[in-house]
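File shown: run05.cif. Contents: mmCIF, N, CA and C atoms.
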```
data_input
loop_
_atom_site.label_atom_id
_atom_site.label_comp_id
_atom_site.auth_asym_id
_atom_site.auth_seq_id
_atom_site.Cartn_x
_atom_site.Cartn_y
_atom_site.Cartn_z
N MET C 5 -53.46 -24.88 22.16
CA MET C 5 -54.74 -24.52 21.61
C MET C 5 -55.76 -24.23 22.72
N LYS C 6 -55.70 -25.07 23.78
CA LYS C 6 -56.64 -24.90 24.88
C LYS C 6 -56.42 -23.57 25.61
N LYS C 7 -55.14 -23.18 25.79
CA LYS C 7 -54.84 -21.91 26.44
C LYS C 7 -55.30 -20.73 25.58
N ALA C 8 -55.17 -20.87 24.28
CA ALA C 8 -55.62 -19.79 23.38
C ALA C 8 -57.13 -19.63 23.47
N LEU C 9 -57.85 -20.72 23.53
CA LEU C 9 -59.31 -20.64 23.66
C LEU C 9 -59.71 -20.02 25.00
N ARG C 10 -58.97 -20.37 26.06
CA ARG C 10 -59.25 -19.76 27.36
C ARG C 10 -59.03 -18.25 27.30
N ALA C 11 -57.96 -17.83 26.61
CA ALA C 11 -57.66 -16.40 26.49
C ALA C 11 -58.76 -15.68 25.70
N VAL C 12 -59.24 -16.29 24.63
CA VAL C 12 -60.32 -15.70 23.85
C VAL C 12 -61.59 -15.61 24.69
N PHE C 13 -61.90 -16.66 25.42
CA PHE C 13 -63.07 -16.69 26.30
C PHE C 13 -62.95 -15.61 27.37
N TYR C 14 -61.75 -15.46 27.92
CA TYR C 14 -61.47 -14.46 28.95
C TYR C 14 -61.69 -13.05 28.39
N PHE C 15 -61.12 -12.79 27.20
CA PHE C 15 -61.25 -11.47 26.58
C PHE C 15 -62.71 -11.17 26.26
N ALA C 16 -63.43 -12.16 25.75
CA ALA C 16 -64.86 -11.99 25.49
C ALA C 16 -65.59 -11.65 26.78
N GLY C 17 -65.20 -12.30 27.87
CA GLY C 17 -65.79 -12.00 29.17
C GLY C 17 -65.55 -10.57 29.59
N LEU C 18 -64.34 -10.05 29.31
CA LEU C 18 -64.04 -8.64 29.63
C LEU C 18 -64.95 -7.70 28.87
N VAL C 19 -65.13 -7.98 27.59
CA VAL C 19 -65.98 -7.13 26.76
C VAL C 19 -67.42 -7.18 27.26
N ILE C 20 -67.92 -8.39 27.53
CA ILE C 20 -69.29 -8.55 28.02
C ILE C 20 -69.47 -7.88 29.38
N LEU C 21 -68.50 -8.06 30.26
CA LEU C 21 -68.55 -7.43 31.58
C LEU C 21 -68.61 -5.91 31.46
N SER C 22 -67.75 -5.35 30.63
CA SER C 22 -67.73 -3.89 30.50
C SER C 22 -69.02 -3.37 29.88
N LEU C 23 -69.58 -4.09 28.91
CA LEU C 23 -70.85 -3.69 28.33
C LEU C 23 -71.96 -3.73 29.39
N GLY C 24 -71.96 -4.77 30.21
CA GLY C 24 -72.96 -4.87 31.28
C GLY C 24 -72.85 -3.73 32.27
N ILE C 25 -71.64 -3.40 32.66
CA ILE C 25 -71.45 -2.30 33.62
C ILE C 25 -71.94 -0.98 33.03
N ILE C 26 -71.63 -0.74 31.76
CA ILE C 26 -72.06 0.51 31.14
C ILE C 26 -73.58 0.54 30.97
N LEU C 27 -74.19 -0.59 30.63
CA LEU C 27 -75.65 -0.63 30.54
C LEU C 27 -76.29 -0.31 31.90
N ASN C 28 -75.67 -0.80 32.97
CA ASN C 28 -76.17 -0.45 34.31
C ASN C 28 -76.11 1.06 34.53
N THR C 29 -75.01 1.68 34.13
CA THR C 29 -74.89 3.13 34.31
C THR C 29 -75.91 3.86 33.45
N LYS C 30 -76.16 3.37 32.25
CA LYS C 30 -77.12 4.01 31.34
C LYS C 30 -78.55 3.90 31.85
N SER C 31 -78.83 2.86 32.64
CA SER C 31 -80.18 2.70 33.18
C SER C 31 -80.50 3.76 34.22
N ALA C 32 -79.48 4.31 34.86
CA ALA C 32 -79.62 5.30 35.93
C ALA C 32 -80.37 4.74 37.14
N PHE C 33 -80.35 3.41 37.30
CA PHE C 33 -80.95 2.78 38.46
C PHE C 33 -79.88 2.34 39.47
N GLY C 34 -78.61 2.54 39.16
CA GLY C 34 -77.55 2.14 40.07
C GLY C 34 -76.51 1.29 39.37
N VAL C 35 -75.44 1.02 40.07
CA VAL C 35 -74.33 0.25 39.51
C VAL C 35 -73.91 -0.81 40.51
N THR C 36 -72.99 -1.66 40.08
CA THR C 36 -72.49 -2.71 40.97
C THR C 36 -71.76 -2.09 42.15
N PRO C 37 -71.72 -2.76 43.29
CA PRO C 37 -71.08 -2.18 44.48
C PRO C 37 -69.62 -1.80 44.27
N ILE C 38 -68.86 -2.63 43.59
CA ILE C 38 -67.42 -2.35 43.46
C ILE C 38 -67.19 -1.10 42.63
N ILE C 39 -67.99 -0.88 41.61
CA ILE C 39 -67.77 0.25 40.71
C ILE C 39 -68.48 1.51 41.19
N SER C 40 -69.26 1.41 42.26
CA SER C 40 -70.08 2.54 42.70
C SER C 40 -69.25 3.75 43.12
N VAL C 41 -68.10 3.54 43.73
CA VAL C 41 -67.27 4.67 44.16
C VAL C 41 -66.78 5.45 42.95
N ALA C 42 -66.24 4.74 41.96
CA ALA C 42 -65.76 5.41 40.75
C ALA C 42 -66.91 6.11 40.02
N TYR C 43 -68.06 5.46 39.97
CA TYR C 43 -69.21 6.05 39.28
C TYR C 43 -69.66 7.34 39.98
N CYS C 44 -69.77 7.30 41.28
CA CYS C 44 -70.18 8.50 42.03
C CYS C 44 -69.16 9.62 41.87
N LEU C 45 -67.89 9.30 41.98
CA LEU C 45 -66.85 10.33 41.80
C LEU C 45 -66.90 10.93 40.40
N SER C 46 -67.16 10.08 39.40
CA SER C 46 -67.22 10.60 38.03
C SER C 46 -68.42 11.54 37.84
N LEU C 47 -69.51 11.25 38.51
CA LEU C 47 -70.68 12.13 38.41
C LEU C 47 -70.49 13.44 39.20
N ILE C 48 -69.99 13.30 40.41
CA ILE C 48 -69.84 14.48 41.28
C ILE C 48 -68.81 15.46 40.73
N HIS C 49 -67.67 14.94 40.26
CA HIS C 49 -66.57 15.80 39.83
C HIS C 49 -66.46 15.93 38.31
N ASN C 50 -67.43 15.34 37.59
CA ASN C 50 -67.42 15.38 36.13
C ASN C 50 -66.13 14.77 35.57
N TRP C 51 -65.71 13.67 36.17
CA TRP C 51 -64.53 12.94 35.70
C TRP C 51 -64.95 11.90 34.68
N ASN C 52 -64.01 11.47 33.90
CA ASN C 52 -64.23 10.39 32.96
C ASN C 52 -64.44 9.09 33.75
N PHE C 53 -65.54 8.38 33.50
CA PHE C 53 -65.87 7.19 34.27
C PHE C 53 -64.81 6.09 34.12
N GLY C 54 -64.34 5.86 32.91
CA GLY C 54 -63.30 4.85 32.70
C GLY C 54 -62.03 5.16 33.46
N ASN C 55 -61.61 6.42 33.43
CA ASN C 55 -60.39 6.80 34.14
C ASN C 55 -60.56 6.70 35.66
N ALA C 56 -61.72 7.12 36.16
CA ALA C 56 -61.99 7.00 37.60
C ALA C 56 -62.00 5.53 38.01
N SER C 57 -62.55 4.67 37.15
CA SER C 57 -62.57 3.23 37.43
C SER C 57 -61.15 2.66 37.44
N PHE C 58 -60.32 3.13 36.52
CA PHE C 58 -58.94 2.66 36.47
C PHE C 58 -58.20 3.00 37.76
N VAL C 59 -58.37 4.22 38.24
CA VAL C 59 -57.73 4.62 39.50
C VAL C 59 -58.23 3.74 40.64
N LEU C 60 -59.54 3.51 40.69
CA LEU C 60 -60.09 2.64 41.73
C LEU C 60 -59.49 1.24 41.64
N TYR C 61 -59.40 0.69 40.44
CA TYR C 61 -58.83 -0.65 40.27
C TYR C 61 -57.37 -0.71 40.72
N CYS C 62 -56.63 0.35 40.46
CA CYS C 62 -55.23 0.39 40.91
C CYS C 62 -55.16 0.41 42.44
N VAL C 63 -56.05 1.15 43.07
CA VAL C 63 -56.11 1.19 44.54
C VAL C 63 -56.45 -0.20 45.08
N LEU C 64 -57.43 -0.87 44.45
CA LEU C 64 -57.79 -2.23 44.89
C LEU C 64 -56.63 -3.20 44.73
N ALA C 65 -55.90 -3.09 43.62
CA ALA C 65 -54.73 -3.96 43.41
C ALA C 65 -53.66 -3.68 44.46
N ALA C 66 -53.46 -2.43 44.82
CA ALA C 66 -52.47 -2.08 45.85
C ALA C 66 -52.88 -2.64 47.21
N ILE C 67 -54.17 -2.55 47.53
CA ILE C 67 -54.65 -3.12 48.80
C ILE C 67 -54.46 -4.63 48.80
N GLU C 68 -54.76 -5.25 47.67
CA GLU C 68 -54.55 -6.70 47.55
C GLU C 68 -53.08 -7.05 47.79
N TYR C 69 -52.18 -6.25 47.22
CA TYR C 69 -50.74 -6.47 47.42
C TYR C 69 -50.39 -6.38 48.90
N LEU C 70 -50.90 -5.37 49.57
CA LEU C 70 -50.60 -5.18 50.99
C LEU C 70 -51.15 -6.33 51.84
N VAL C 71 -52.35 -6.76 51.52
CA VAL C 71 -52.97 -7.83 52.31
C VAL C 71 -52.29 -9.17 52.07
N LYS C 72 -51.97 -9.45 50.82
CA LYS C 72 -51.34 -10.73 50.48
C LYS C 72 -49.89 -10.82 50.95
N GLY C 73 -49.20 -9.69 50.96
CA GLY C 73 -47.81 -9.69 51.37
C GLY C 73 -46.96 -10.64 50.53
N LYS C 74 -46.32 -11.60 51.17
CA LYS C 74 -45.44 -12.55 50.47
C LYS C 74 -46.21 -13.46 49.52
N ASN C 75 -47.52 -13.59 49.74
CA ASN C 75 -48.33 -14.45 48.87
C ASN C 75 -48.76 -13.76 47.58
N PHE C 76 -48.42 -12.49 47.43
CA PHE C 76 -48.74 -11.77 46.19
C PHE C 76 -47.81 -12.29 45.10
N ARG C 77 -48.40 -12.78 44.02
CA ARG C 77 -47.63 -13.36 42.92
C ARG C 77 -47.32 -12.29 41.88
N PRO C 78 -46.18 -12.36 41.23
CA PRO C 78 -45.87 -11.38 40.18
C PRO C 78 -46.95 -11.34 39.08
N ILE C 79 -47.56 -12.47 38.80
CA ILE C 79 -48.62 -12.49 37.77
C ILE C 79 -49.82 -11.64 38.19
N ASP C 80 -49.99 -11.43 39.49
CA ASP C 80 -51.09 -10.60 39.97
C ASP C 80 -50.94 -9.14 39.51
N LEU C 81 -49.72 -8.75 39.17
CA LEU C 81 -49.48 -7.39 38.66
C LEU C 81 -50.16 -7.17 37.31
N LEU C 82 -50.51 -8.25 36.64
CA LEU C 82 -51.19 -8.13 35.35
C LEU C 82 -52.60 -7.55 35.51
N GLN C 83 -53.05 -7.42 36.75
CA GLN C 83 -54.34 -6.78 36.98
C GLN C 83 -54.34 -5.33 36.50
N ILE C 84 -53.19 -4.69 36.52
CA ILE C 84 -53.12 -3.29 36.10
C ILE C 84 -53.34 -3.16 34.59
N PRO C 85 -52.57 -3.89 33.73
CA PRO C 85 -52.88 -3.78 32.30
C PRO C 85 -54.29 -4.27 31.97
N LEU C 86 -54.75 -5.28 32.69
CA LEU C 86 -56.12 -5.75 32.50
C LEU C 86 -57.10 -4.62 32.78
N SER C 87 -56.84 -3.86 33.82
CA SER C 87 -57.72 -2.75 34.19
C SER C 87 -57.72 -1.67 33.11
N ILE C 88 -56.57 -1.47 32.48
CA ILE C 88 -56.51 -0.49 31.38
C ILE C 88 -57.45 -0.92 30.27
N VAL C 89 -57.38 -2.19 29.89
CA VAL C 89 -58.23 -2.71 28.81
C VAL C 89 -59.70 -2.60 29.20
N LEU C 90 -60.04 -3.06 30.39
CA LEU C 90 -61.43 -3.05 30.84
C LEU C 90 -62.00 -1.64 30.86
N THR C 91 -61.25 -0.71 31.41
CA THR C 91 -61.77 0.66 31.54
C THR C 91 -61.81 1.39 30.20
N ARG C 92 -60.98 0.99 29.24
CA ARG C 92 -61.08 1.59 27.91
C ARG C 92 -62.37 1.12 27.23
N PHE C 93 -62.77 -0.12 27.51
CA PHE C 93 -64.07 -0.59 27.01
C PHE C 93 -65.20 0.18 27.69
N PHE C 94 -65.03 0.54 28.96
CA PHE C 94 -66.04 1.39 29.61
C PHE C 94 -66.23 2.67 28.80
N ASN C 95 -65.10 3.31 28.45
CA ASN C 95 -65.17 4.56 27.70
C ASN C 95 -65.76 4.36 26.31
N LEU C 96 -65.38 3.27 25.65
CA LEU C 96 -65.90 2.99 24.32
C LEU C 96 -67.41 2.79 24.34
N PHE C 97 -67.88 1.90 25.19
CA PHE C 97 -69.32 1.63 25.26
C PHE C 97 -70.09 2.84 25.78
N GLY C 98 -69.49 3.58 26.71
CA GLY C 98 -70.13 4.78 27.22
C GLY C 98 -70.32 5.83 26.14
N ALA C 99 -69.38 5.90 25.20
CA ALA C 99 -69.47 6.86 24.11
C ALA C 99 -70.42 6.39 23.01
N ILE C 100 -70.46 5.10 22.75
CA ILE C 100 -71.27 4.56 21.67
C ILE C 100 -72.75 4.49 22.04
N LEU C 101 -73.02 4.02 23.25
CA LEU C 101 -74.41 3.82 23.65
C LEU C 101 -75.06 5.14 24.06
N PRO C 102 -76.26 5.39 23.58
CA PRO C 102 -76.92 6.66 23.94
C PRO C 102 -77.44 6.63 25.37
N ASP C 103 -77.58 7.80 25.94
CA ASP C 103 -78.25 7.90 27.23
C ASP C 103 -79.73 7.63 27.01
N VAL C 104 -80.34 6.96 27.94
CA VAL C 104 -81.77 6.64 27.81
C VAL C 104 -82.54 7.35 28.92
N THR C 105 -83.72 7.83 28.56
CA THR C 105 -84.53 8.53 29.55
C THR C 105 -85.90 7.88 29.74
N ALA C 106 -86.38 7.22 28.71
CA ALA C 106 -87.70 6.58 28.81
C ALA C 106 -87.62 5.39 29.76
N LEU C 107 -88.59 5.28 30.62
CA LEU C 107 -88.59 4.23 31.64
C LEU C 107 -88.46 2.82 31.06
N PRO C 108 -89.20 2.46 30.01
CA PRO C 108 -89.03 1.11 29.47
C PRO C 108 -87.60 0.84 28.98
N ALA C 109 -86.98 1.82 28.35
CA ALA C 109 -85.60 1.66 27.88
C ALA C 109 -84.64 1.54 29.06
N ARG C 110 -84.88 2.29 30.11
CA ARG C 110 -84.02 2.21 31.30
C ARG C 110 -84.15 0.83 31.96
N ILE C 111 -85.37 0.31 32.02
CA ILE C 111 -85.58 -1.02 32.60
C ILE C 111 -84.89 -2.08 31.75
N LEU C 112 -84.98 -1.95 30.43
CA LEU C 112 -84.30 -2.89 29.54
C LEU C 112 -82.78 -2.81 29.73
N CYS C 113 -82.25 -1.60 29.85
CA CYS C 113 -80.81 -1.44 30.12
C CYS C 113 -80.41 -2.11 31.43
N LEU C 114 -81.24 -1.95 32.43
CA LEU C 114 -80.95 -2.56 33.73
C LEU C 114 -80.94 -4.08 33.64
N ILE C 115 -81.96 -4.65 33.01
CA ILE C 115 -82.04 -6.11 32.89
C ILE C 115 -80.86 -6.65 32.09
N LEU C 116 -80.58 -6.04 30.95
CA LEU C 116 -79.43 -6.48 30.14
C LEU C 116 -78.11 -6.25 30.88
N GLY C 117 -78.01 -5.12 31.57
CA GLY C 117 -76.79 -4.82 32.31
C GLY C 117 -76.51 -5.85 33.39
N ILE C 118 -77.52 -6.21 34.14
CA ILE C 118 -77.34 -7.21 35.20
C ILE C 118 -76.94 -8.55 34.59
N ALA C 119 -77.64 -8.96 33.53
CA ALA C 119 -77.35 -10.25 32.90
C ALA C 119 -75.94 -10.28 32.32
N LEU C 120 -75.55 -9.22 31.60
CA LEU C 120 -74.23 -9.21 30.97
C LEU C 120 -73.11 -9.06 32.00
N THR C 121 -73.34 -8.28 33.04
CA THR C 121 -72.33 -8.16 34.09
C THR C 121 -72.08 -9.52 34.74
N GLY C 122 -73.15 -10.22 35.07
CA GLY C 122 -73.00 -11.55 35.66
C GLY C 122 -72.32 -12.53 34.73
N MET C 123 -72.73 -12.51 33.47
CA MET C 123 -72.14 -13.43 32.49
C MET C 123 -70.65 -13.13 32.27
N GLY C 124 -70.33 -11.85 32.11
CA GLY C 124 -68.93 -11.48 31.88
C GLY C 124 -68.05 -11.79 33.08
N ALA C 125 -68.55 -11.52 34.28
CA ALA C 125 -67.79 -11.82 35.50
C ALA C 125 -67.57 -13.32 35.62
N ALA C 126 -68.60 -14.10 35.35
CA ALA C 126 -68.47 -15.56 35.44
C ALA C 126 -67.45 -16.08 34.43
N MET C 127 -67.48 -15.52 33.23
CA MET C 127 -66.52 -15.94 32.21
C MET C 127 -65.09 -15.65 32.65
N ASN C 128 -64.87 -14.50 33.24
CA ASN C 128 -63.53 -14.13 33.71
C ASN C 128 -63.07 -14.99 34.87
N VAL C 129 -63.94 -15.18 35.83
CA VAL C 129 -63.58 -15.96 37.01
C VAL C 129 -63.35 -17.43 36.65
N ASN C 130 -64.18 -17.98 35.78
CA ASN C 130 -64.08 -19.40 35.43
C ASN C 130 -62.84 -19.74 34.64
N THR C 131 -62.24 -18.78 33.94
CA THR C 131 -61.01 -19.09 33.20
C THR C 131 -59.81 -19.21 34.13
N ARG C 132 -59.92 -18.65 35.32
CA ARG C 132 -58.84 -18.68 36.31
C ARG C 132 -57.52 -18.15 35.74
N LEU C 133 -57.63 -17.07 35.01
CA LEU C 133 -56.43 -16.43 34.49
C LEU C 133 -56.07 -15.27 35.42
N ILE C 134 -56.38 -14.06 35.03
CA ILE C 134 -56.06 -12.88 35.84
C ILE C 134 -57.37 -12.32 36.38
N PRO C 135 -57.52 -12.26 37.71
CA PRO C 135 -58.77 -11.68 38.23
C PRO C 135 -58.76 -10.16 38.03
N ASN C 136 -59.93 -9.60 37.77
CA ASN C 136 -59.94 -8.14 37.77
C ASN C 136 -59.77 -7.71 39.23
N PRO C 137 -59.29 -6.51 39.47
CA PRO C 137 -59.01 -6.12 40.86
C PRO C 137 -60.19 -6.25 41.83
N GLY C 138 -61.39 -6.05 41.34
CA GLY C 138 -62.56 -6.24 42.21
C GLY C 138 -62.68 -7.66 42.67
N ASP C 139 -62.51 -8.60 41.76
CA ASP C 139 -62.56 -10.02 42.12
C ASP C 139 -61.34 -10.42 42.95
N GLY C 140 -60.20 -9.82 42.62
CA GLY C 140 -58.97 -10.12 43.37
C GLY C 140 -59.08 -9.71 44.83
N ILE C 141 -59.61 -8.52 45.07
CA ILE C 141 -59.74 -8.05 46.45
C ILE C 141 -60.80 -8.86 47.19
N ALA C 142 -61.85 -9.28 46.49
CA ALA C 142 -62.88 -10.11 47.12
C ALA C 142 -62.31 -11.47 47.49
N ALA C 143 -61.42 -12.00 46.67
CA ALA C 143 -60.83 -13.31 46.95
C ALA C 143 -59.87 -13.27 48.15
N VAL C 144 -59.25 -12.10 48.37
CA VAL C 144 -58.32 -11.96 49.48
C VAL C 144 -59.10 -11.98 50.76
#
```
Would you mind writing the structure in this file as structure tokens?
Amino acid sequence: MKKALRAVFYFAGLVILSLGIILNTKSAFGVTPIISVAYCLSLIHNWNFGNASFVLYCVLAAIEYLVKGKNFRPIDLLQIPLSIVLTRFFNLFGAILPDVTALPARILCLILGIALTGMGAAMNVNTRLIPNPGDGIAAV
């Protein structure tokens, strides 16, 4: 029962994290450092943000594998399916939430985005299940 609750908490954290990241993008004031490369590439080349983020996460997981070497655990490979889920939520929230142009709405998006990104990341890290590739590479 305890593991099931951790999994639900973890999944809720993924949803909250992805919503926070998308709210940051909707604010047009900037994004988190780890996601900034995918965000910039998606804007410059008109790529899908979720797909660009997935590619970035795969690159981060590969770097983590190379750095960890023998210490890379098979369970760490679950970062890839996790990334698929996370980035699909990016696409979902990106499609559902409208673009905002009014300054007060952008500021509200930024404040909510920062709060939800922090909350979602903390929920994921605190469960100590599967780190997202950004957290995994930071831990290495």
(Q) Can you measure atom CA of C:Leu27 to atom CA of C:Leu9 for me? One decimal in Å is fine. (A)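 Atom-to-atom, atom CA of C:Leu27 and atom CA of C:Leu9 are spaced 26.7 Å apart.
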List the spatial neighbours of C:Leu114 as a PDB file with N, CA and C atoms, keeping the file's coordinate frame - criterion: any atom at most 9 Å away, only C-alpha atoms, same-chain residues fewer than 5 positions off excluded.
```pdb
ATOM      1  N   GLY C  24     -71.960  -4.770  30.210  1.00  0.00           N
ATOM      2  CA  GLY C  24     -72.960  -4.870  31.280  1.00  0.00           C
ATOM      3  C   GLY C  24     -72.850  -3.730  32.270  1.00  0.00           C
ATOM      4  N   LEU C  27     -74.190  -0.590  30.630  1.00  0.00           N
ATOM      5  CA  LEU C  27     -75.650  -0.630  30.540  1.00  0.00           C
ATOM      6  C   LEU C  27     -76.290  -0.310  31.900  1.00  0.00           C
ATOM      7  N   ASN C  28     -75.670  -0.800  32.970  1.00  0.00           N
ATOM      8  CA  ASN C  28     -76.170  -0.450  34.310  1.00  0.00           C
ATOM      9  C   ASN C  28     -76.110   1.060  34.530  1.00  0.00           C
ATOM     10  N   THR C  29     -75.010   1.680  34.130  1.00  0.00           N
ATOM     11  CA  THR C  29     -74.890   3.130  34.310  1.00  0.00           C
ATOM     12  C   THR C  29     -75.910   3.860  33.450  1.00  0.00           C
ATOM     13  N   LYS C  30     -76.160   3.370  32.250  1.00  0.00           N
ATOM     14  CA  LYS C  30     -77.120   4.010  31.340  1.00  0.00           C
ATOM     15  C   LYS C  30     -78.550   3.900  31.850  1.00  0.00           C
ATOM     16  N   SER C  31     -78.830   2.860  32.640  1.00  0.00           N
ATOM     17  CA  SER C  31     -80.180   2.700  33.180  1.00  0.00           C
ATOM     18  C   SER C  31     -80.500   3.760  34.220  1.00  0.00           C
ATOM     19  N   ALA C  32     -79.480   4.310  34.860  1.00  0.00           N
ATOM     20  CA  ALA C  32     -79.620   5.300  35.930  1.00  0.00           C
ATOM     21  C   ALA C  32     -80.370   4.740  37.140  1.00  0.00           C
ATOM     22  N   PHE C  33     -80.350   3.410  37.300  1.00  0.00           N
ATOM     23  CA  PHE C  33     -80.950   2.780  38.460  1.00  0.00           C
ATOM     24  C   PHE C  33     -79.880   2.340  39.470  1.00  0.00           C
ATOM     25  N   GLY C  34     -78.610   2.540  39.160  1.00  0.00           N
ATOM     26  CA  GLY C  34     -77.550   2.140  40.070  1.00  0.00           C
ATOM     27  C   GLY C  34     -76.510   1.290  39.370  1.00  0.00           C
ATOM     28  N   ALA C 109     -86.980   1.820  28.350  1.00  0.00           N
ATOM     29  CA  ALA C 109     -85.600   1.660  27.880  1.00  0.00           C
ATOM     30  C   ALA C 109     -84.640   1.540  29.060  1.00  0.00           C
ATOM     31  N   ALA C 119     -77.640  -8.960  33.530  1.00  0.00           N
ATOM     32  CA  ALA C 119     -77.350 -10.250  32.900  1.00  0.00           C
ATOM     33  C   ALA C 119     -75.940 -10.280  32.320  1.00  0.00           C
TER      34      ALA C 119
END
```
Q: Kindly indicate which residue among C:Ser57, C:Met123, C:Ala11, C:Ile26 lies nearest to C:Val41, using all atoms listed in the file for the distances.
A: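 Going through C:Ser57, C:Met123, C:Ala11, C:Ile26 one by one, the smallest distance to C:Val41 is for C:Ser57.
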Long-range neighbours of C:Ile88 as a tab-separated table (two decimals) with N, CA and C atoms, in the coordinates of the input, 12 Å cut-off, only C-alpha atoms, 5 positions minimum in chain:
```tsv
chain	number	residue	atom	x	y	z
C	18	LEU	N	-64.34	-10.05	29.31
C	18	LEU	CA	-64.04	-8.64	29.63
C	18	LEU	C	-64.95	-7.70	28.87
C	22	SER	N	-67.75	-5.35	30.63
C	22	SER	CA	-67.73	-3.89	30.50
C	22	SER	C	-69.02	-3.37	29.88
C	54	GLY	N	-64.34	5.86	32.91
C	54	GLY	CA	-63.30	4.85	32.70
C	54	GLY	C	-62.03	5.16	33.46
C	55	ASN	N	-61.61	6.42	33.43
C	55	ASN	CA	-60.39	6.80	34.14
C	55	ASN	C	-60.56	6.70	35.66
C	56	ALA	N	-61.72	7.12	36.16
C	56	ALA	CA	-61.99	7.00	37.60
C	56	ALA	C	-62.00	5.53	38.01
C	57	SER	N	-62.55	4.67	37.15
C	57	SER	CA	-62.57	3.23	37.43
C	57	SER	C	-61.15	2.66	37.44
C	58	PHE	N	-60.32	3.13	36.52
C	58	PHE	CA	-58.94	2.66	36.47
C	58	PHE	C	-58.20	3.00	37.76
C	59	VAL	N	-58.37	4.22	38.24
C	59	VAL	CA	-57.73	4.62	39.50
C	59	VAL	C	-58.23	3.74	40.64
C	60	LEU	N	-59.54	3.51	40.69
C	60	LEU	CA	-60.09	2.64	41.73
C	60	LEU	C	-59.49	1.24	41.64
C	61	TYR	N	-59.40	0.69	40.44
C	61	TYR	CA	-58.83	-0.65	40.27
C	61	TYR	C	-57.37	-0.71	40.72
C	62	CYS	N	-56.63	0.35	40.46
C	62	CYS	CA	-55.23	0.39	40.91
C	62	CYS	C	-55.16	0.41	42.44
C	82	LEU	N	-50.51	-8.25	36.64
C	82	LEU	CA	-51.19	-8.13	35.35
C	82	LEU	C	-52.60	-7.55	35.51
C	83	GLN	N	-53.05	-7.42	36.75
C	83	GLN	CA	-54.34	-6.78	36.98
C	83	GLN	C	-54.34	-5.33	36.50
C	93	PHE	N	-62.77	-0.12	27.51
C	93	PHE	CA	-64.07	-0.59	27.01
C	93	PHE	C	-65.20	0.18	27.69
C	94	PHE	N	-65.03	0.54	28.96
C	94	PHE	CA	-66.04	1.39	29.61
C	94	PHE	C	-66.23	2.67	28.80
C	95	ASN	N	-65.10	3.31	28.45
C	95	ASN	CA	-65.17	4.56	27.70
C	95	ASN	C	-65.76	4.36	26.31
C	136	ASN	N	-59.93	-9.60	37.77
C	136	ASN	CA	-59.94	-8.14	37.77
C	136	ASN	C	-59.77	-7.71	39.23
C	137	PRO	N	-59.29	-6.51	39.47
C	137	PRO	CA	-59.01	-6.12	40.86
C	137	PRO	C	-60.19	-6.25	41.83
```
Q: Could you please write out, as number ranges by chain, every residue of chain C that DSSP assigns to helix (DSSP H, G or I)?
A: C: 6-31, 40-49, 53-75, 78-100, 107-131, 137-143
Residues matched by the PyMOL selection byres (((chain C and resi 37 and name CA) around 12) and name CA), written as a short mmCIF file (atom, residue, chain, number, x, y, z; two decimals) with N, CA and C atoms, in the coordinates of the input:
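Saved the output as result_8.cif:
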```
data_model
loop_
_atom_site.label_atom_id
_atom_site.label_comp_id
_atom_site.auth_asym_id
_atom_site.auth_seq_id
_atom_site.Cartn_x
_atom_site.Cartn_y
_atom_site.Cartn_z
N ILE C 25 -71.64 -3.40 32.66
CA ILE C 25 -71.45 -2.30 33.62
C ILE C 25 -71.94 -0.98 33.03
N ASN C 28 -75.67 -0.80 32.97
CA ASN C 28 -76.17 -0.45 34.31
C ASN C 28 -76.11 1.06 34.53
N GLY C 34 -78.61 2.54 39.16
CA GLY C 34 -77.55 2.14 40.07
C GLY C 34 -76.51 1.29 39.37
N VAL C 35 -75.44 1.02 40.07
CA VAL C 35 -74.33 0.25 39.51
C VAL C 35 -73.91 -0.81 40.51
N THR C 36 -72.99 -1.66 40.08
CA THR C 36 -72.49 -2.71 40.97
C THR C 36 -71.76 -2.09 42.15
N ILE C 38 -68.86 -2.63 43.59
CA ILE C 38 -67.42 -2.35 43.46
C ILE C 38 -67.19 -1.10 42.63
N ILE C 39 -67.99 -0.88 41.61
CA ILE C 39 -67.77 0.25 40.71
C ILE C 39 -68.48 1.51 41.19
N SER C 40 -69.26 1.41 42.26
CA SER C 40 -70.08 2.54 42.70
C SER C 40 -69.25 3.75 43.12
N VAL C 41 -68.10 3.54 43.73
CA VAL C 41 -67.27 4.67 44.16
C VAL C 41 -66.78 5.45 42.95
N ALA C 42 -66.24 4.74 41.96
CA ALA C 42 -65.76 5.41 40.75
C ALA C 42 -66.91 6.11 40.02
N TYR C 43 -68.06 5.46 39.97
CA TYR C 43 -69.21 6.05 39.28
C TYR C 43 -69.66 7.34 39.98
N CYS C 44 -69.77 7.30 41.28
CA CYS C 44 -70.18 8.50 42.03
C CYS C 44 -69.16 9.62 41.87
N GLY C 138 -61.39 -6.05 41.34
CA GLY C 138 -62.56 -6.24 42.21
C GLY C 138 -62.68 -7.66 42.67
N ASP C 139 -62.51 -8.60 41.76
CA ASP C 139 -62.56 -10.02 42.12
C ASP C 139 -61.34 -10.42 42.95
N ALA C 142 -61.85 -9.28 46.49
CA ALA C 142 -62.88 -10.11 47.12
C ALA C 142 -62.31 -11.47 47.49
#
```
**Q.** C:Ile141, C:Val89, C:Leu101, C:Leu47 ranked by distance to C:Gly17, top pick (using only C-alpha atoms)
**A.** C:Val89
Q) Using only C-alpha atoms, which of the listed residues (C:Glu68, C:Leu23, C:Trp51, C:Pro108) sits closest to C:Leu96? A) C:Leu23
